[in-house]
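**Q** Take a look at this one; I'll ask things after.
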Amino acid sequence: MVDSLGVAVVGFGWMGRVHTQAYARVPHHFPRLGLRPRLVSVAEEVPGRAEEAAAQFGFASTTRDWREVARDPRVQAVSITAPNFLHREIGVAMAEAGKHIWIEKPVGLSTADAQAVAGAVAGAGVQGAVGFNYRNAPAVEAARELISSGAIGTVTHVRLRLFSDYAAHPESALTWRYEKQRGGSGVLGDLASHGADLARFLLGDIASLTADTAVFIPERARPTAATAGHTRATGGELGPVENEDYVNCLLRFASGARGVLEACRVSVGEQNNYGFEVHGTEGAVFWDFRRMNEMGVSRGTTYQDQPVSTVYVGPGDGEYGAFQPGAANAMGYDDLKVIEAHRFLRSIAEGRPQGATLADAVHGAAVLEAMVRSAESGAWVSVG
């Protein structure tokens, strides 16, 4: 017997849409899951947007006030895809109302925000999942197993890159993302948060780091109407960009491994260039998000001139088998969010965490705050 679970989405920009589509697809890819999500409510303050979502996806009700979702007895689980500055308030309120929460990273503006949401989830005895989607790629999970098995020897160093051009146009609107009060950090929260999570997911805790940040487009035009995603604006009043466009960070892991994490949101010519290279004493593993379903793997005892093979993931890797029947068939970004939705729902069904949790968000936030402290002081700083 399959139980129905009432779900709501708070914030219906692009990510709210991705969450909604993931809920709709979960039964198709994971038919044996004991819960079936039912779209109960969507909350969005932009006039008309919630109604459009309901008409397209079939939400039973709409509201412009997320507090109505917290009070709604039909809602048992909530996706929180609102702007960063609202994460703490909404996350704590939903958990205290007894709702399970699936919340997008970076879970607020600070480590304290992430800790507050994590504490509310633990205190209420509900489940909490966080949107660190890149760790869900079957190739990333296969790389983690390869590393932990010792197949490439002892890890010596890693390079993580997250380059994109979504904010490269000088006419990109000065939305909340560029303000410290509402967006918090810039590329740290948007992209480096994923890099910090991947680093820890693959290699364990980061012990210390040193970082440098920069703002390359110091002013943008304020939007004159509601925005979604990374829209452009012309003619509006210019305002300052308050958070970083770029970060470069050296890492020292608790294991003794070293690393480099670099992220930029204004990289002209780069579209979603995310990936990593992990090197060990006997080999290496490489992954590029743009070729999400394959890895470069080098292992053996040749050491010098040791070849690299392209390995395609298949049904035995991660959740690949829920989407494709054989290796080298493509998966995409939205599939990673379906995996994330499935793990969130499974955690509710089984009463124990599956996938990325609020504890992972707290660890990630501590890494980001260490980057900020280091960039301000110019020194190596400890994480946590």
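Residues are named by chain letter and number: chains run A, B, ... in the order of the structure tokens, numbers start at 1 in each chain, and ligands are numbered from 1 in the order shown.
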Find the residues around stretch 188-196 of chain A up to 7 Å (only C-alpha atoms counted), leave out those fewer than 2 positions away in its own chain, and share them as a PDB file with C-alpha atoms, in the first residue's frame.
**A**
```
ATOM      1  CA  PRO A 106      23.182  27.369   1.716  1.00  0.00           C
ATOM      2  CA  PHE A 132      23.453  19.543  -2.488  1.00  0.00           C
ATOM      3  CA  LEU A 160      37.475  21.516  -7.482  1.00  0.00           C
ATOM      4  CA  LEU A 162      32.815  25.769 -10.313  1.00  0.00           C
ATOM      5  CA  SER A 185      27.726  35.705   0.457  1.00  0.00           C
ATOM      6  CA  GLY A 186      27.774  35.749  -3.341  1.00  0.00           C
ATOM      7  CA  LEU A 198      31.749  17.755  -2.768  1.00  0.00           C
ATOM      8  CA  ALA A 199      35.158  18.107  -1.111  1.00  0.00           C
ATOM      9  CA  ARG A 200      33.860  16.749   2.179  1.00  0.00           C
ATOM     10  CA  LEU A 261      38.664  25.157  -4.693  1.00  0.00           C
ATOM     11  CA  ALA A 263      34.519  29.335  -8.072  1.00  0.00           C
ATOM     12  CA  GLY A 364      29.374  23.548   4.632  1.00  0.00           C
ATOM     13  CA  VAL A 367      33.701  26.208   5.539  1.00  0.00           C
ATOM     14  CA  LEU A 368      32.190  29.259   3.831  1.00  0.00           C
TER      15      LEU A 368
END
```
**Q** Among stretch 103-235 of chain A, which residues does DSSP mark as strand (DSSP E or B) when it is run on the backbone? Keep the chain and numbering as in the structure and answer as a VMD selection string.
**A** chain A and resid 103 128 to 130 155 to 163 172 206 to 214 219 to 221 232
**Q** What are the DSSP helix (DSSP H, G or I) residues of stretch 185-251 of chain A, as a compact mmCIF listing (two decimals) with C-alpha atoms, in the first residue's frame?
**A**
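See part.txt below for the written result:
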```
# COMPACT_ATOMS: atom_id res chain seq x y z
CA VAL A 187 29.52 33.03 -5.28
CA LEU A 188 30.40 31.41 -1.94
CA GLY A 189 26.77 30.53 -1.27
CA ASP A 190 25.80 29.96 -4.90
CA LEU A 191 28.65 27.75 -6.11
CA ALA A 192 31.46 27.33 -3.56
CA SER A 193 28.92 25.76 -1.18
CA HIS A 194 28.60 22.89 -3.67
CA GLY A 195 32.38 22.67 -3.93
CA ALA A 196 32.77 22.51 -0.15
CA ASP A 197 30.13 19.78 0.03
CA LEU A 198 31.75 17.75 -2.77
CA ALA A 199 35.16 18.11 -1.11
CA ARG A 200 33.86 16.75 2.18
CA PHE A 201 31.70 14.09 0.48
CA LEU A 202 34.73 12.75 -1.40
CA LEU A 203 37.63 13.29 1.01
```
**Q** Can you pull out the residues contacting A:Asp317? Cut-off 8 Å, using only C-alpha atoms, and skip same-chain residues under 2 positions away; I want them as a list in words.
**A**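 Neighbouring residues, sequence-local ones excluded: Pro138, Ala139, Glu141, Ala142, Val313, Gly314, Pro315, Glu319, Tyr320 and Gly321 of chain A.
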**Q** Tell me which of A:Arg220, A:Val158, A:Gly300, A:Ser172 sits closest to A:Gly204, counting only C-alpha atoms.
**A**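 Using only C-alpha atoms, the shortest distance to A:Gly204 belongs to A:Val158.
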**Q** Quick one: distance from atom CA of A:Glu277 to atom CA of A:Arg258 in Å, one decimal?
**A**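 Separation between atom CA of A:Glu277 and atom CA of A:Arg258: 12.0 Å.
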**Q** Using only C-alpha atoms, which residues sit within 8 Å of A:Phe216 once same-chain residues fewer than 5 positions away are excluded, as a list in words?
**A** Asp245, Tyr246 and Val266 of chain A
**Q** With only C-alpha atoms as the atoms that count, which of A:Leu174, A:Leu250, A:Ile103, A:Val362 lies nearest to A:Gly236?
**A**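 Of A:Leu174, A:Leu250, A:Ile103, A:Val362, the one nearest A:Gly236, counting only C-alpha atoms, is A:Leu174.
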**Q** Between atom CA of A:Asn329 and atom CA of A:Gly316, what is the distance in Å, rounded to a tenth?
**A**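 Atom CA of A:Gly316 lies at a distance of 13.3 Å from atom CA of A:Asn329.
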**Q** Considering only C-alpha atoms, state which residue in the set A:Leu146, A:Glu262, A:Ala112, A:Leu39 is at the smallest distance from A:Val297.
**A**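 Nearest candidate to A:Val297 out of A:Leu146, A:Glu262, A:Ala112, A:Leu39: A:Leu146.
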**Q** Excluding stretch 92-95 of chain A and its own-chain neighbours fewer than 6 positions away, which residues fall within 7 Å of it when counting only C-alpha atoms? Please give them as a ChimeraX atom specification.
**A** /A:70,101,116-117,120-121,124,126
**Q** Which residues are close to A:Tyr23, i.e. within 8 Å by only C-alpha atoms, leaving aside same-chain residues fewer than 6 positions away? Reply as a VMD selection string.
**A** chain A and resid 37 338 341
**Q** Smallest atom-to-atom distance to A:Asp165: which of A:Glu270, A:Asp113, A:Glu96, A:Glu44, using only C-alpha atoms?
**A**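 Between A:Glu270, A:Asp113, A:Glu96, A:Glu44, the residue approaching A:Asp165 most closely is A:Glu270.
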**Q** So that I can see what lies close to A:His342, please list as a PyMOL selection string the residues with an atom at most 12 Å from it, counting only C-alpha atoms and leaving out residues fewer than 5 positions away in the same chain.
**A** chain A and resi 19+22-37+102+129+136+319+322+335-337+347-350+353-356
**Q** Take the residues from that selection and put them in a file with N, CA and C atoms, as a short mmCIF file (atom, residue, chain, number, x, y, z; two decimals), in the first residue's frame.
**A**
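What landed in out.cif:
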```cif
data_model
loop_
_atom_site.label_atom_id
_atom_site.label_comp_id
_atom_site.auth_asym_id
_atom_site.auth_seq_id
_atom_site.Cartn_x
_atom_site.Cartn_y
_atom_site.Cartn_z
N HIS A 19 11.87 21.56 -7.95
CA HIS A 19 11.38 20.70 -6.86
C HIS A 19 10.02 20.10 -7.21
N ALA A 22 10.32 17.41 -9.67
CA ALA A 22 10.93 16.23 -9.05
C ALA A 22 9.88 15.42 -8.29
N TYR A 23 9.02 16.10 -7.52
CA TYR A 23 7.95 15.39 -6.82
C TYR A 23 7.07 14.61 -7.80
N ALA A 24 6.75 15.25 -8.93
CA ALA A 24 5.88 14.60 -9.91
C ALA A 24 6.53 13.37 -10.53
N ARG A 25 7.84 13.37 -10.64
CA ARG A 25 8.54 12.28 -11.32
C ARG A 25 8.95 11.14 -10.40
N VAL A 26 9.00 11.38 -9.09
CA VAL A 26 9.46 10.34 -8.17
C VAL A 26 8.71 9.01 -8.35
N PRO A 27 7.37 9.00 -8.44
CA PRO A 27 6.69 7.70 -8.59
C PRO A 27 7.04 6.96 -9.87
N HIS A 28 7.44 7.69 -10.90
CA HIS A 28 7.80 7.05 -12.16
C HIS A 28 9.13 6.31 -12.05
N HIS A 29 10.08 6.89 -11.35
CA HIS A 29 11.42 6.32 -11.27
C HIS A 29 11.62 5.42 -10.05
N PHE A 30 10.82 5.66 -9.01
CA PHE A 30 10.95 4.88 -7.77
C PHE A 30 9.57 4.36 -7.35
N PRO A 31 9.00 3.47 -8.16
CA PRO A 31 7.62 3.03 -7.91
C PRO A 31 7.43 2.25 -6.62
N ARG A 32 8.50 1.72 -6.06
CA ARG A 32 8.37 0.93 -4.84
C ARG A 32 8.47 1.77 -3.57
N LEU A 33 8.66 3.06 -3.73
CA LEU A 33 8.68 3.95 -2.56
C LEU A 33 7.30 3.94 -1.91
N GLY A 34 7.27 3.84 -0.59
CA GLY A 34 6.00 3.72 0.13
C GLY A 34 5.23 5.01 0.30
N LEU A 35 5.75 6.12 -0.24
CA LEU A 35 5.07 7.42 -0.15
C LEU A 35 4.88 8.00 -1.55
N ARG A 36 3.76 8.60 -1.78
CA ARG A 36 3.51 9.29 -3.04
C ARG A 36 3.20 10.75 -2.73
N PRO A 37 4.04 11.68 -3.20
CA PRO A 37 3.80 13.10 -2.90
C PRO A 37 2.54 13.62 -3.60
N TRP A 102 12.61 20.06 2.97
CA TRP A 102 13.66 19.92 1.94
C TRP A 102 14.03 21.34 1.57
N ALA A 129 16.24 17.60 4.58
CA ALA A 129 17.15 17.34 3.46
C ALA A 129 17.61 18.67 2.89
N ASN A 136 24.68 13.74 -5.83
CA ASN A 136 23.77 12.68 -6.23
C ASN A 136 24.09 12.08 -7.60
N GLU A 319 22.05 5.82 -8.20
CA GLU A 319 20.64 5.59 -8.57
C GLU A 319 20.45 5.55 -10.09
N ALA A 322 17.57 3.65 -11.85
CA ALA A 322 16.20 4.14 -11.79
C ALA A 322 15.84 4.99 -13.01
N ASP A 335 17.37 15.16 -13.19
CA ASP A 335 17.37 13.80 -12.63
C ASP A 335 18.02 13.78 -11.25
N LEU A 336 19.02 14.63 -11.04
CA LEU A 336 19.68 14.69 -9.74
C LEU A 336 18.71 15.18 -8.66
N LYS A 337 17.82 16.09 -9.03
CA LYS A 337 16.83 16.57 -8.07
C LYS A 337 15.74 15.52 -7.82
N SER A 347 13.54 9.19 3.54
CA SER A 347 13.90 9.49 4.94
C SER A 347 12.64 9.63 5.79
N ILE A 348 11.59 10.21 5.21
CA ILE A 348 10.32 10.34 5.92
C ILE A 348 9.69 8.97 6.13
N ALA A 349 9.70 8.14 5.08
CA ALA A 349 9.08 6.82 5.16
C ALA A 349 9.78 5.92 6.17
N GLU A 350 11.12 6.02 6.25
CA GLU A 350 11.91 5.13 7.09
C GLU A 350 12.26 5.74 8.44
N PRO A 353 17.66 9.64 8.22
CA PRO A 353 18.14 10.48 7.13
C PRO A 353 18.68 9.68 5.94
N GLN A 354 18.40 10.19 4.77
CA GLN A 354 18.95 9.67 3.52
C GLN A 354 19.46 10.85 2.70
N GLY A 355 20.67 10.76 2.19
CA GLY A 355 21.21 11.86 1.40
C GLY A 355 21.74 12.98 2.25
N ALA A 356 21.89 14.16 1.64
CA ALA A 356 22.45 15.33 2.33
C ALA A 356 21.49 15.83 3.40
#
```
**Q** Return the single residue from A:Glu294, A:Asn243, A:Thr281, A:Ala60 that is closest to A:Gln306, with distances computed using only C-alpha atoms.
**A** A:Thr281
**Q** What's the separation between atom CA of A:Gly275 and atom CA of A:Arg343, in Å to one decimal place?
**A** 23.0 Å
